[in-house]
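Undergrad: Structure file final.tsv (TSV, C-alpha atoms) is given on the next line.
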chain	number	residue	atom	x	y	z
A	49	MET	CA	-67.84	2.97	-3.12
A	50	SER	CA	-64.52	1.78	-4.56
A	51	PRO	CA	-63.73	2.12	-8.29
A	52	ASN	CA	-63.81	-1.68	-8.66
A	53	THR	CA	-67.26	-1.86	-7.07
A	54	ARG	CA	-68.56	0.89	-9.38
A	55	GLY	CA	-67.01	-0.91	-12.35
A	56	ALA	CA	-68.65	-4.20	-11.37
A	57	LEU	CA	-72.05	-2.53	-10.99
A	58	LEU	CA	-71.68	-0.80	-14.36
A	59	MET	CA	-70.71	-4.07	-16.04
A	60	MET	CA	-73.74	-5.79	-14.53
A	61	GLY	CA	-75.91	-2.88	-15.64
A	62	SER	CA	-74.52	-3.17	-19.17
A	63	MET	CA	-75.26	-6.90	-19.30
A	64	ALA	CA	-78.76	-6.32	-17.93
A	65	ALA	CA	-79.45	-3.65	-20.57
A	66	PHE	CA	-78.26	-5.81	-23.45
A	67	THR	CA	-80.28	-8.80	-22.19
A	68	LEU	CA	-83.40	-6.64	-21.83
A	69	ASN	CA	-82.85	-5.53	-25.42
A	70	ASP	CA	-82.74	-9.19	-26.50
A	71	THR	CA	-85.93	-9.83	-24.52
A	72	CYS	CA	-87.76	-6.98	-26.26
A	73	VAL	CA	-86.68	-8.23	-29.69
A	74	LYS	CA	-87.66	-11.83	-28.95
A	75	ALA	CA	-91.02	-10.65	-27.59
A	76	THR	CA	-91.93	-9.35	-31.06
A	77	ASP	CA	-92.29	-13.07	-31.85
A	78	GLY	CA	-91.60	-12.79	-35.57
A	79	ALA	CA	-94.43	-10.31	-36.15
A	80	LEU	CA	-92.06	-8.20	-38.25
A	81	PRO	CA	-89.63	-9.29	-40.97
A	82	LEU	CA	-86.12	-9.44	-39.51
A	83	PHE	CA	-84.66	-6.68	-41.68
A	84	GLN	CA	-87.63	-4.38	-41.04
A	85	LEU	CA	-87.07	-4.86	-37.32
A	86	LEU	CA	-83.34	-4.16	-37.68
A	87	THR	CA	-84.01	-1.08	-39.79
A	88	ILE	CA	-86.48	0.50	-37.39
A	89	ARG	CA	-84.39	-0.36	-34.35
A	90	GLY	CA	-81.29	0.85	-36.16
A	91	LEU	CA	-82.85	4.23	-36.94
A	92	ILE	CA	-83.72	4.82	-33.29
A	93	SER	CA	-80.54	3.40	-31.76
A	94	THR	CA	-78.24	5.16	-34.25
A	95	ALA	CA	-79.86	8.50	-33.48
A	96	LEU	CA	-79.54	7.87	-29.73
A	97	ILE	CA	-75.91	6.73	-30.02
A	98	TYR	CA	-75.07	9.83	-32.08
A	99	LEU	CA	-76.67	12.13	-29.52
A	100	LEU	CA	-74.86	10.33	-26.70
A	101	ALA	CA	-71.53	10.56	-28.51
A	102	ARG	CA	-72.00	14.28	-29.15
A	103	TRP	CA	-72.94	14.82	-25.51
A	104	LEU	CA	-69.81	12.97	-24.37
A	105	GLY	CA	-67.70	14.83	-26.94
A	106	ALA	CA	-66.44	11.44	-28.06
A	107	LEU	CA	-66.87	11.71	-31.83
A	108	ARG	CA	-63.78	12.08	-33.98
A	109	PHE	CA	-63.33	10.90	-37.56
A	110	ASP	CA	-59.69	11.78	-38.28
A	111	LEU	CA	-58.58	8.18	-37.88
A	112	SER	CA	-55.61	6.57	-39.56
A	113	PRO	CA	-56.22	4.45	-42.70
A	114	ARG	CA	-55.34	1.35	-40.67
A	115	ASP	CA	-57.93	2.17	-38.02
A	116	TRP	CA	-60.57	2.83	-40.70
A	117	MET	CA	-59.86	-0.59	-42.22
A	118	LEU	CA	-60.34	-2.18	-38.80
A	119	VAL	CA	-63.53	-0.15	-38.27
A	120	ALA	CA	-64.81	-1.47	-41.61
A	121	LEU	CA	-63.95	-5.06	-40.66
A	122	ARG	CA	-65.62	-4.59	-37.29
A	123	SER	CA	-68.74	-3.13	-38.92
A	124	VAL	CA	-69.07	-6.03	-41.36
A	125	SER	CA	-68.70	-8.44	-38.45
A	126	GLU	CA	-71.37	-6.51	-36.54
A	127	ILE	CA	-73.78	-6.92	-39.47
A	128	GLY	CA	-73.20	-10.67	-39.52
A	129	ALA	CA	-73.49	-10.93	-35.74
A	130	ALA	CA	-76.81	-9.04	-35.71
A	131	TYR	CA	-78.31	-11.22	-38.44
A	132	PHE	CA	-77.14	-14.59	-37.08
A	133	PHE	CA	-77.82	-13.77	-33.43
A	134	LEU	CA	-81.36	-12.51	-33.97
A	135	THR	CA	-82.18	-15.44	-36.25
A	136	ALA	CA	-81.05	-17.82	-33.51
A	137	LEU	CA	-82.83	-15.76	-30.83
A	138	PHE	CA	-86.20	-16.08	-32.55
A	139	ASN	CA	-85.88	-19.87	-32.65
A	140	MET	CA	-84.06	-20.77	-29.42
A	141	PRO	CA	-84.70	-20.03	-25.73
A	142	LEU	CA	-83.11	-16.76	-24.60
A	143	ALA	CA	-80.91	-18.44	-21.97
A	144	ASN	CA	-79.58	-21.03	-24.45
A	145	VAL	CA	-78.48	-18.42	-26.98
A	146	THR	CA	-76.95	-16.29	-24.24
A	147	ALA	CA	-75.13	-19.31	-22.81
A	148	ILE	CA	-73.55	-20.06	-26.18
A	149	LEU	CA	-72.32	-16.46	-26.41
A	150	GLN	CA	-70.51	-16.87	-23.07
A	151	VAL	CA	-67.83	-18.81	-24.94
A	152	LEU	CA	-66.60	-15.51	-26.44
A	153	PRO	CA	-63.68	-14.91	-24.04
A	154	LEU	CA	-62.39	-18.35	-25.02
A	155	THR	CA	-62.77	-17.82	-28.77
A	156	VAL	CA	-61.18	-14.36	-28.58
A	157	THR	CA	-58.21	-15.77	-26.62
A	158	LEU	CA	-57.85	-18.59	-29.15
A	159	GLY	CA	-58.18	-16.19	-32.09
A	160	ALA	CA	-55.55	-13.86	-30.64
A	161	ALA	CA	-53.18	-16.81	-30.27
A	162	LEU	CA	-53.79	-18.06	-33.83
A	163	PHE	CA	-53.75	-14.75	-35.70
A	164	PHE	CA	-51.72	-12.39	-33.51
A	165	ARG	CA	-49.32	-14.92	-31.98
A	166	ASP	CA	-50.35	-13.94	-28.47
A	167	PRO	CA	-48.79	-16.35	-25.97
A	168	VAL	CA	-51.27	-18.84	-24.53
A	169	GLY	CA	-49.97	-21.30	-21.96
A	170	TRP	CA	-51.13	-24.87	-21.57
A	171	LYS	CA	-53.47	-23.96	-18.70
A	172	ARG	CA	-55.44	-21.47	-20.77
A	173	MET	CA	-55.42	-23.80	-23.76
A	174	LEU	CA	-56.81	-26.58	-21.58
A	175	ALA	CA	-59.48	-24.19	-20.29
A	176	ILE	CA	-60.44	-23.34	-23.89
A	177	ILE	CA	-60.80	-27.04	-24.77
A	178	VAL	CA	-62.90	-27.73	-21.66
A	179	GLY	CA	-65.01	-24.63	-22.39
A	180	PHE	CA	-65.72	-25.85	-25.92
A	181	CYS	CA	-66.82	-29.19	-24.46
A	182	GLY	CA	-69.23	-27.26	-22.23
A	183	MET	CA	-70.54	-25.46	-25.30
A	184	LEU	CA	-71.24	-28.82	-26.95
A	185	LEU	CA	-73.44	-29.71	-23.98
A	186	ILE	CA	-75.51	-26.62	-24.77
A	187	VAL	CA	-75.84	-27.03	-28.55
A	188	ARG	CA	-75.90	-30.84	-28.37
A	189	PRO	CA	-75.43	-31.93	-32.00
A	190	GLY	CA	-77.67	-34.88	-32.89
A	191	PRO	CA	-77.09	-37.78	-35.31
A	192	ASP	CA	-77.47	-35.39	-38.25
A	193	GLY	CA	-75.11	-32.79	-36.81
A	194	PHE	CA	-75.86	-29.34	-35.41
A	195	SER	CA	-79.37	-27.94	-35.71
A	196	ILE	CA	-79.69	-24.94	-38.01
A	197	ASP	CA	-80.53	-22.71	-35.03
A	198	ALA	CA	-77.37	-23.78	-33.20
A	199	ILE	CA	-75.37	-23.09	-36.37
A	200	TYR	CA	-76.78	-19.55	-36.46
A	201	ALA	CA	-75.76	-19.03	-32.83
A	202	LEU	CA	-72.26	-20.37	-33.50
A	203	ALA	CA	-71.98	-18.14	-36.58
A	204	ALA	CA	-72.86	-15.18	-34.35
A	205	VAL	CA	-70.04	-16.22	-32.00
A	206	CYS	CA	-67.61	-16.29	-34.93
A	207	CYS	CA	-68.71	-12.83	-36.09
A	208	VAL	CA	-68.43	-11.31	-32.62
A	209	THR	CA	-65.00	-12.91	-32.20
A	210	VAL	CA	-63.79	-11.22	-35.39
A	211	ARG	CA	-65.36	-7.96	-34.22
A	212	ASP	CA	-63.58	-8.10	-30.87
A	213	LEU	CA	-60.25	-9.07	-32.41
A	214	ALA	CA	-60.51	-6.14	-34.82
A	215	THR	CA	-61.28	-3.86	-31.88
A	216	ARG	CA	-58.19	-5.10	-30.05
A	217	ARG	CA	-55.97	-4.11	-32.97
A	218	MET	CA	-57.25	-0.54	-33.16
A	219	SER	CA	-55.03	2.21	-31.86
A	220	ALA	CA	-55.91	4.15	-28.73
A	221	ALA	CA	-56.64	7.15	-31.00
A	222	ALA	CA	-59.89	5.54	-32.23
A	223	PRO	CA	-62.70	6.73	-29.90
A	224	SER	CA	-65.00	3.90	-28.78
A	225	MET	CA	-68.15	5.91	-29.55
A	226	THR	CA	-66.97	6.62	-33.11
A	227	VAL	CA	-66.42	2.90	-33.59
A	228	THR	CA	-69.81	2.10	-32.08
A	229	LEU	CA	-71.61	4.67	-34.22
A	230	SER	CA	-69.91	3.36	-37.38
A	231	ALA	CA	-71.08	-0.18	-36.62
A	232	SER	CA	-74.63	1.00	-35.90
A	233	VAL	CA	-74.80	2.99	-39.15
A	234	SER	CA	-73.45	-0.01	-41.09
A	235	VAL	CA	-76.09	-2.36	-39.68
A	236	LEU	CA	-78.77	0.25	-40.43
A	237	ILE	CA	-77.72	0.73	-44.06
A	238	PHE	CA	-77.41	-3.01	-44.71
A	239	SER	CA	-80.78	-3.74	-43.07
A	240	ALA	CA	-82.54	-0.92	-44.93
A	241	ILE	CA	-81.31	-2.26	-48.27
A	242	ALA	CA	-82.14	-5.88	-47.38
A	243	SER	CA	-85.60	-4.90	-46.10
A	244	THR	CA	-86.67	-3.91	-49.60
A	245	GLY	CA	-86.87	-7.61	-50.43
A	246	SER	CA	-89.77	-8.21	-48.06
A	247	GLU	CA	-93.12	-6.54	-47.47
A	248	TRP	CA	-93.12	-4.26	-44.44
A	249	GLN	CA	-95.73	-4.95	-41.79
A	250	PRO	CA	-97.71	-2.30	-39.87
A	251	LEU	CA	-96.70	-1.48	-36.31
A	252	ASP	CA	-99.21	-1.59	-33.49
A	253	LEU	CA	-98.69	-0.02	-30.08
A	254	ARG	CA	-97.17	-3.16	-28.55
A	255	LEU	CA	-94.60	-3.62	-31.32
A	256	SER	CA	-93.74	0.08	-31.28
A	257	LEU	CA	-93.10	0.02	-27.54
A	258	LEU	CA	-90.96	-3.11	-27.84
A	259	LEU	CA	-88.81	-1.54	-30.56
A	260	ILE	CA	-88.42	1.70	-28.62
A	261	GLY	CA	-87.55	-0.27	-25.50
A	262	SER	CA	-85.01	-2.33	-27.43
A	263	SER	CA	-83.34	0.82	-28.76
A	264	VAL	CA	-83.21	2.47	-25.33
A	265	PHE	CA	-81.74	-0.64	-23.72
A	266	ILE	CA	-79.08	-0.84	-26.44
A	267	LEU	CA	-78.15	2.76	-25.69
A	268	GLY	CA	-77.97	1.93	-21.98
A	269	GLY	CA	-75.78	-1.08	-22.68
A	270	TYR	CA	-73.36	0.98	-24.76
A	271	LEU	CA	-73.33	3.82	-22.24
A	272	PHE	CA	-72.57	1.54	-19.30
A	273	SER	CA	-69.93	-0.37	-21.27
A	274	VAL	CA	-68.16	2.91	-22.10
A	275	MET	CA	-68.33	4.00	-18.46
A	276	VAL	CA	-66.90	0.64	-17.36
A	277	MET	CA	-63.68	1.35	-19.25
A	278	ARG	CA	-63.18	4.50	-17.17
A	279	VAL	CA	-63.44	3.06	-13.65
A	280	GLY	CA	-61.94	0.10	-11.85
A	281	ASP	CA	-59.49	-2.59	-12.86
A	282	VAL	CA	-60.63	-4.18	-16.11
A	283	SER	CA	-59.29	-7.59	-15.04
A	284	PHE	CA	-61.47	-7.38	-11.90
A	285	VAL	CA	-64.56	-6.07	-13.68
A	286	ALA	CA	-64.49	-8.32	-16.78
A	287	PRO	CA	-65.83	-11.53	-15.12
A	288	PHE	CA	-69.03	-9.68	-14.18
A	289	ARG	CA	-70.01	-9.83	-17.85
A	290	TYR	CA	-71.25	-13.35	-17.09
A	291	THR	CA	-74.12	-11.89	-15.07
A	292	GLY	CA	-75.78	-11.53	-18.47
A	293	LEU	CA	-76.48	-15.26	-18.31
A	294	LEU	CA	-78.28	-14.83	-14.97
A	295	TRP	CA	-80.42	-12.10	-16.50
A	296	ALA	CA	-81.17	-14.34	-19.49
A	297	LEU	CA	-82.19	-17.23	-17.21
A	298	ALA	CA	-84.49	-14.99	-15.16
A	299	LEU	CA	-86.06	-13.14	-18.10
A	300	GLY	CA	-86.39	-16.31	-20.18
A	301	TRP	CA	-88.36	-17.91	-17.36
A	302	LEU	CA	-90.44	-14.84	-16.41
A	303	VAL	CA	-91.30	-13.60	-19.91
A	304	PHE	CA	-91.27	-16.73	-22.08
A	305	GLY	CA	-91.66	-19.57	-19.57
A	306	ASP	CA	-88.39	-21.18	-20.71
A	307	TRP	CA	-85.97	-22.90	-18.39
A	308	PRO	CA	-82.91	-24.82	-19.66
A	309	ASP	CA	-82.57	-28.51	-18.91
A	310	ALA	CA	-79.86	-29.91	-16.65
A	311	LEU	CA	-77.32	-30.59	-19.42
A	312	THR	CA	-77.62	-27.04	-20.74
A	313	LEU	CA	-77.10	-25.62	-17.25
A	314	ILE	CA	-74.07	-27.85	-16.70
A	315	GLY	CA	-72.63	-26.79	-20.06
A	316	ALA	CA	-73.24	-23.12	-19.25
A	317	ALA	CA	-71.53	-23.53	-15.87
A	318	ILE	CA	-68.49	-25.12	-17.55
A	319	VAL	CA	-68.29	-22.33	-20.13
A	320	VAL	CA	-68.55	-19.63	-17.46
A	321	ALA	CA	-66.00	-21.30	-15.18
A	322	THR	CA	-63.44	-21.73	-17.95
A	323	GLY	CA	-64.07	-18.18	-19.18
A	324	VAL	CA	-63.47	-16.73	-15.71
A	325	PHE	CA	-60.31	-18.84	-15.38
A	326	THR	CA	-59.07	-17.59	-18.77
A	327	LEU	CA	-59.63	-13.98	-17.74
A	328	TYR	CA	-57.82	-14.67	-14.45
A	329	ARG	CA	-54.84	-16.21	-16.24
A	330	GLU	CA	-54.68	-13.27	-18.66
A	331	ARG	CA	-54.54	-10.96	-15.66
A	332	ARG	CA	-51.69	-12.96	-14.10
A	333	VAL	CA	-49.73	-12.98	-17.37
A	334	ALA	CA	-50.18	-9.21	-17.73
A	335	GLN	CA	-49.03	-8.66	-14.14
A	336	LYS	CA	-45.91	-10.75	-14.69
A	337	ALA	CA	-45.12	-8.87	-17.90
A	338	ARG	CA	-45.44	-5.52	-16.11
A	339	ALA	CA	-43.25	-6.73	-13.24
A	340	ALA	CA	-40.60	-7.89	-15.71
A	341	LEU	CA	-40.59	-4.49	-17.44
A	342	GLN	CA	-40.31	-2.67	-14.12
A	343	GLY	CA	-37.41	-4.91	-13.08
A	344	ARG	CA	-35.29	-3.83	-16.04
Represent the structure contained in this file as structure tokens.

TA:
Amino acid sequence: MSPNTRGALLMMGSMAAFTLNDTCVKATDGALPLFQLLTIRGLISTALIYLLARWLGALRFDLSPRDWMLVALRSVSEIGAAYFFLTALFNMPLANVTAILQVLPLTVTLGAALFFRDPVGWKRMLAIIVGFCGMLLIVRPGPDGFSIDAIYALAAVCCVTVRDLATRRMSAAAPSMTVTLSASVSVLIFSAIASTGSEWQPLDLRLSLLLIGSSVFILGGYLFSVMVMRVGDVSFVAPFRYTGLLWALALGWLVFGDWPDALTLIGAAIVVATGVFTLYRERRVAQKARAALQGR
């Protein structure tokens, strides 16, 4: 099996794990207050991530002040993303929320151009505009504007965009598992404090199994995503992240009986197509830059 094939399979495994985590959380069906759910899941997932990081020997905390500032920004963004995403997930079909999140490669490219002055040609800019139009087909604002659930999903996109941009600016000396553990601990601490404002509900066997399953799938998603970075060509592997939408469609239908309407599917297809094109163009630009450096 070639490195690119292994990388593609690992990326698909990562997307499957994260989508199964979302399915477990949504299946709790609001039986637990949101911050109680995040606290319990955070306790389990943080412990698992720490054990995984120790096993990989990937924990190191002697980061530069600049990297620690970016870790802090990323952690705050992770807190916002968790809150907004789960709030949207409880009130929207799984596939719809996942489809909105597929716009992330476009928002990250746009953010990098606006804040970091990364060059973005007219083709990628056109793809971003078309992708945003596809997103509008999914969220479909009515006469009174966006629904509150769609606003939560879009807020999650904004938070994840900031998180990913902060990650891009970190130095290579910042281990990915240290960054991941820091974000998990931050979400846990915030959720534990916020959970004191609501009455905790008892856990039955079903809820306990769903929370354990959610935590294990999160660990699997992180593990596979770390392994992806070590095999294959990232530019080849990256488009396979969109298989998460296929998992969301299948699980949404099998578990919750939800299936998006035609406009939502068309919007999702547009977002995926423009995202893949953007990743392809980024690969071509990087190849040309490397060729120019080698020609000097």

Undergrad: For range 137-142 of chain A, please output as a PyMOL selection string all residues within 10 Å (counting all atoms listed in the file; exclusion window: fewer than 6 positions along the same chain).

TA: chain A and resi 67+70-71+73-78+82+131+196-198+200-201+293+295-301+303-308

Undergrad: Residues within 10 Å of Leu158 in chain A, please, as a list of chain:residue names. Count only C-alpha atoms; anything in the same chain fewer than 3 positions from it doesn't count.

TA: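 These residues fall inside the cut-off: A:Leu152, A:Pro153, A:Leu154, A:Thr155, A:Ala161, A:Leu162, A:Phe163, A:Phe164, A:Arg165, A:Asp166, A:Pro167, A:Val168, A:Arg172, A:Met173, A:Ile176, A:Ile177, A:Thr209.
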
Undergrad: Let me make sure I understand: among A:Leu185, A:Leu257, A:Met59, A:Cys72, which one has the smallest atom-to-atom distance to Val319 in chain A if we use all atoms listed in the file?

TA: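 For Val319 in chain A, the nearest of the candidates is A:Leu185.
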
Undergrad: What gap, in Å, lies between CA of Val178 in chain A and CA of Val324 in chain A?

TA: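 Spanning CA of Val178 in chain A to CA of Val324 in chain A is a straight-line distance of 12.5 Å.
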
Undergrad: Hey, what's within 10 Å of Ala321 in chain A if we count all atoms listed in the file and toss same-chain stuff fewer than 3 positions away? As a ChimeraX atom specification, please?

TA: /A:175,178-179,182,287,290,315-318,324-326

Undergrad: Give me the residues near Ile97 in chain A as a short mmCIF file (atom, residue, chain, number, x, y, z; two decimals) with C-alpha atoms, keeping the file's coordinate frame, where near means some atom within 8 Å (using only C-alpha atoms) and where sequence neighbours in that chain fewer than 6 positions away do not count.

TA:
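Output (around10.cif):
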data_model
loop_
_atom_site.label_atom_id
_atom_site.label_comp_id
_atom_site.auth_asym_id
_atom_site.auth_seq_id
_atom_site.Cartn_x
_atom_site.Cartn_y
_atom_site.Cartn_z
CA MET A 225 -68.15 5.91 -29.55
CA THR A 228 -69.81 2.10 -32.08
CA LEU A 229 -71.61 4.67 -34.22
CA LEU A 267 -78.15 2.76 -25.69
#

Undergrad: Counting all atoms listed in the file, which residues come within 9 Å of (-67.8, 0.1, -36.5), with the point read in the file's coordinates, and could you list them as a ChimeraX atom specification?

TA: /A:116,118-126,211,215,226-234

Undergrad: Just to confirm, what's the straight-line distance from CA of Ser219 in chain A to CA of Gln335 in chain A in Å (one decimal)?

TA: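 These atoms are spaced 21.6 Å apart.
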
Undergrad: Nearest to Leu100 in chain A: which of A:Ser112, A:Ser50, A:Thr157, A:Ser224 is it, counting only C-alpha atoms?

TA: A:Ser224

Undergrad: Measuring atom to atom with only C-alpha atoms, identify which of A:Leu236, A:Met63, A:Leu258, A:Ala147 is nearest to Arg289 in chain A.

TA: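 Using only C-alpha atoms, Arg289 in chain A sits closest to A:Met63.
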
Undergrad: Between CA of Ala65 in chain A and CA of Phe83 in chain A, what is the distance, to one decimal in Å?

TA: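 The value is 22.0 Å.
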
Undergrad: Neighbouring residues of Gly128 in chain A were defined as those with any atom within 7 Å, considering all atoms listed in the file; residues of the same chain fewer than 4 positions away were excluded. Please report them as a list in words.

TA: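 Counting all atoms listed in the file, the residues come to Val124, Phe132, Ala204 and Cys207 of chain A.
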
Undergrad: Between A:Ser93, A:Leu86, A:Phe180, A:Ala160, which residue has the minimum interatomic distance to Gly261 in chain A, considering all atoms listed in the file?

TA: A:Ser93

Undergrad: Measuring atom to atom with only C-alpha atoms, identify which of A:Ala136, A:Ala130, A:Ile148, A:Ile260 is nearest to Phe238 in chain A.

TA: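 For Phe238 in chain A, the nearest of the candidates is A:Ala130.
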
Undergrad: Please determine, counting only C-alpha atoms, which residue among A:Pro113, A:Gly190, A:Gly169, A:Gly292 has the shortest atom-to-atom distance to Met218 in chain A.

TA: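 Closest residue, counting only C-alpha atoms: A:Pro113.
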